[in-house]
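A.B. asks: For reference, the structure I am asking about is given below.
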Amino acid sequence: MIYSVNKQTSETYRSDRHSHHDANTAEQQTVRATFKKKAQFAAAWWKQNRPSDKSAKGTEAYLAVMKAYKAQHKIGNPYSFMRSLVTDNLKIILAGNDLTGGVKPGGSTTEGGGSGSTGDGEVDA
């Protein structure tokens with residue numbers, strides 16, 4: 001049982017807590033695995049294409065995604081909008097155009113990434 005009080009009206013509410021009984025079915029595991037793959041791919045794409053020291057405005061693909069994001073009245077945030085563009089076969093598709101670029105489905109880039117770097121120019125030991 002959960003009791004809560006509305007502080008403005010001083011009314012007390014009681015609610016029963018219902019637990020979830022079918023823990024981690026095969027369908028749930030499949031959905032979670034698919035979501036994880038898409039999320040890793042989207043993160044790798046975002047890191048590769050967003051504005052950085054190399055390009056102050058970001059890549060052409062990033063600019064196209066931001067233009068589409070702004071055109072849809074900025075619902076959500078730019079990163080979640082971009083994640084919605086990821087297809088099941090791990091491609092970024094916007095208005096029929098493939099914006100995937102050099103991102104590989106493993107969540108890595110063709111540039112080799114920055115593993116072992118702290119971001120300040122020094123390499124971790």
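If you're wondering about the labels, chains in the structure tokens are A, B, ... by order shown, residues count from 1 in each chain, ligands from 1 in order shown.
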Can you pull out the residues contacting Ile2 in chain A? Cut-off 7 Å, using only C-alpha atoms, and skip same-chain residues under 2 positions away; I want them as a list of chain:residue names.
C.D. replies: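 Listing them by chain and then by number gives A:Ser4, A:Arg14, A:Ser15, A:Asp16, A:Arg17.
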A.B. asks: Can you tell me which residues surround range 29-35 of chain A at a distance of at most 12 Å, considering only C-alpha atoms, apart from same-chain residues fewer than 3 positions away, and format the answer as a PDB file with C-alpha atoms, in the first residue's frame?
C.D. replies:
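See part.pdb below for the written result:
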ATOM      1  CA  ALA A  23      10.218 -10.996 -15.540  1.00  0.00           C
ATOM      2  CA  ASN A  24      12.405 -10.600 -18.609  1.00  0.00           C
ATOM      3  CA  THR A  25      10.673 -12.590 -21.329  1.00  0.00           C
ATOM      4  CA  ALA A  26      12.433 -13.486 -24.573  1.00  0.00           C
ATOM      5  CA  LYS A  38      20.576   1.317 -32.093  1.00  0.00           C
ATOM      6  CA  ALA A  39      21.641   3.492 -29.145  1.00  0.00           C
ATOM      7  CA  GLN A  40      25.326   2.593 -29.541  1.00  0.00           C
ATOM      8  CA  PHE A  41      25.156   3.249 -33.280  1.00  0.00           C
ATOM      9  CA  ALA A  42      23.409   6.605 -32.746  1.00  0.00           C
ATOM     10  CA  ARG A  83      17.997   8.463 -32.685  1.00  0.00           C
ATOM     11  CA  SER A  84      14.486   8.199 -34.114  1.00  0.00           C
ATOM     12  CA  VAL A  86      18.015   5.026 -36.984  1.00  0.00           C
ATOM     13  CA  THR A  87      16.542   2.120 -38.938  1.00  0.00           C
ATOM     14  CA  ASP A  88      16.542  -1.568 -37.974  1.00  0.00           C
ATOM     15  CA  ASN A  89      19.493  -2.228 -40.295  1.00  0.00           C
ATOM     16  CA  LEU A  90      21.497   0.524 -38.501  1.00  0.00           C
ATOM     17  CA  PRO A 105      27.189  -0.914 -37.074  1.00  0.00           C
TER      18      PRO A 105
END
A.B. asks: Given only C-alpha atoms as the basis, pick out the residue of A:Gln8, A:Tyr69, A:Tyr79, A:Ala64 nearest to Trp46 in chain A.
C.D. replies: A:Tyr79
A.B. asks: Contacts of range 92-100 of chain A at 8 Å or less, counting only C-alpha atoms, minus same-chain residues fewer than 2 places along, as a PyMOL selection string?
C.D. replies: chain A and resi 45+61+65+82+85-87+90+102-103
A.B. asks: Next, write the just-selected residues to a file, as a short mmCIF file (atom, residue, chain, number, x, y, z; two decimals), in the first residue's frame, keeping all heavy atoms as the atom set.
C.D. replies:
data_model
loop_
_atom_site.label_atom_id
_atom_site.label_comp_id
_atom_site.auth_asym_id
_atom_site.auth_seq_id
_atom_site.Cartn_x
_atom_site.Cartn_y
_atom_site.Cartn_z
N TRP A 45 27.48 7.81 -34.26
CA TRP A 45 27.19 8.75 -35.34
C TRP A 45 27.22 10.18 -34.82
O TRP A 45 27.79 11.07 -35.44
CB TRP A 45 25.83 8.44 -35.97
CG TRP A 45 25.55 9.25 -37.18
CD1 TRP A 45 25.82 8.93 -38.46
CD2 TRP A 45 24.94 10.55 -37.23
NE1 TRP A 45 25.42 9.93 -39.32
CE2 TRP A 45 24.88 10.95 -38.57
CE3 TRP A 45 24.45 11.43 -36.27
CZ2 TRP A 45 24.35 12.16 -38.99
CZ3 TRP A 45 23.92 12.64 -36.67
CH2 TRP A 45 23.87 13.00 -38.02
N ALA A 61 25.82 16.04 -42.89
CA ALA A 61 24.76 15.15 -42.39
C ALA A 61 24.18 15.70 -41.09
O ALA A 61 22.96 15.69 -40.89
CB ALA A 61 25.31 13.74 -42.19
N VAL A 65 20.28 16.92 -40.33
CA VAL A 65 19.46 16.43 -39.21
C VAL A 65 18.96 17.60 -38.37
O VAL A 65 17.79 17.64 -37.97
CB VAL A 65 20.26 15.42 -38.35
CG1 VAL A 65 19.55 15.14 -37.04
CG2 VAL A 65 20.49 14.14 -39.12
N MET A 82 17.49 12.53 -33.64
CA MET A 82 18.41 11.80 -34.51
C MET A 82 18.30 10.29 -34.26
O MET A 82 18.31 9.50 -35.19
CB MET A 82 19.85 12.27 -34.28
CG MET A 82 20.89 11.66 -35.20
SD MET A 82 21.56 10.07 -34.70
CE MET A 82 22.08 10.37 -33.05
N LEU A 85 15.75 8.44 -36.18
CA LEU A 85 16.03 8.24 -37.60
C LEU A 85 16.79 6.94 -37.86
O LEU A 85 16.95 6.55 -39.02
CB LEU A 85 16.84 9.42 -38.15
CG LEU A 85 16.19 10.80 -38.04
CD1 LEU A 85 17.16 11.87 -38.51
CD2 LEU A 85 14.90 10.85 -38.81
N VAL A 86 17.26 6.27 -36.82
CA VAL A 86 18.01 5.03 -36.98
C VAL A 86 17.06 3.90 -37.37
O VAL A 86 16.06 3.67 -36.70
CB VAL A 86 18.78 4.66 -35.69
CG1 VAL A 86 19.51 3.34 -35.86
CG2 VAL A 86 19.75 5.75 -35.31
N THR A 87 17.38 3.22 -38.46
CA THR A 87 16.54 2.12 -38.94
C THR A 87 16.98 0.80 -38.29
O THR A 87 18.01 0.74 -37.62
CB THR A 87 16.64 1.98 -40.47
OG1 THR A 87 17.99 1.66 -40.82
CG2 THR A 87 16.19 3.25 -41.16
N LEU A 90 20.48 -0.41 -39.00
CA LEU A 90 21.50 0.52 -38.50
C LEU A 90 22.00 1.49 -39.57
O LEU A 90 23.18 1.53 -39.92
CB LEU A 90 22.66 -0.23 -37.86
CG LEU A 90 22.28 -1.10 -36.66
CD1 LEU A 90 23.49 -1.79 -36.10
CD2 LEU A 90 21.58 -0.28 -35.59
N GLY A 102 30.49 7.39 -42.28
CA GLY A 102 31.52 6.41 -41.98
C GLY A 102 31.31 5.64 -40.70
O GLY A 102 32.23 5.03 -40.19
N VAL A 103 30.11 5.64 -40.16
CA VAL A 103 29.86 4.93 -38.92
C VAL A 103 29.53 3.49 -39.23
O VAL A 103 28.69 3.20 -40.07
CB VAL A 103 28.71 5.59 -38.13
CG1 VAL A 103 28.46 4.86 -36.83
CG2 VAL A 103 29.02 7.04 -37.85
#
A.B. asks: Would you mind reading off the distance between CA of Ser55 in chain A and CA of Lys91 in chain A, one decimal, in Å?
C.D. replies: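 Between these atoms lies a distance of 22.5 Å.
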A.B. asks: Which distance in Å separates CA of Gly101 in chain A and CA of Asn77 in chain A, to one decimal?
C.D. replies: 21.7 Å
A.B. asks: I'd like the interatomic distance between CA of Gln48 in chain A and CA of Leu63 in chain A, to a tenth of an Å.
C.D. replies: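 Answer for the CA of Gln48 in chain A to CA of Leu63 in chain A separation: 12.7 Å.
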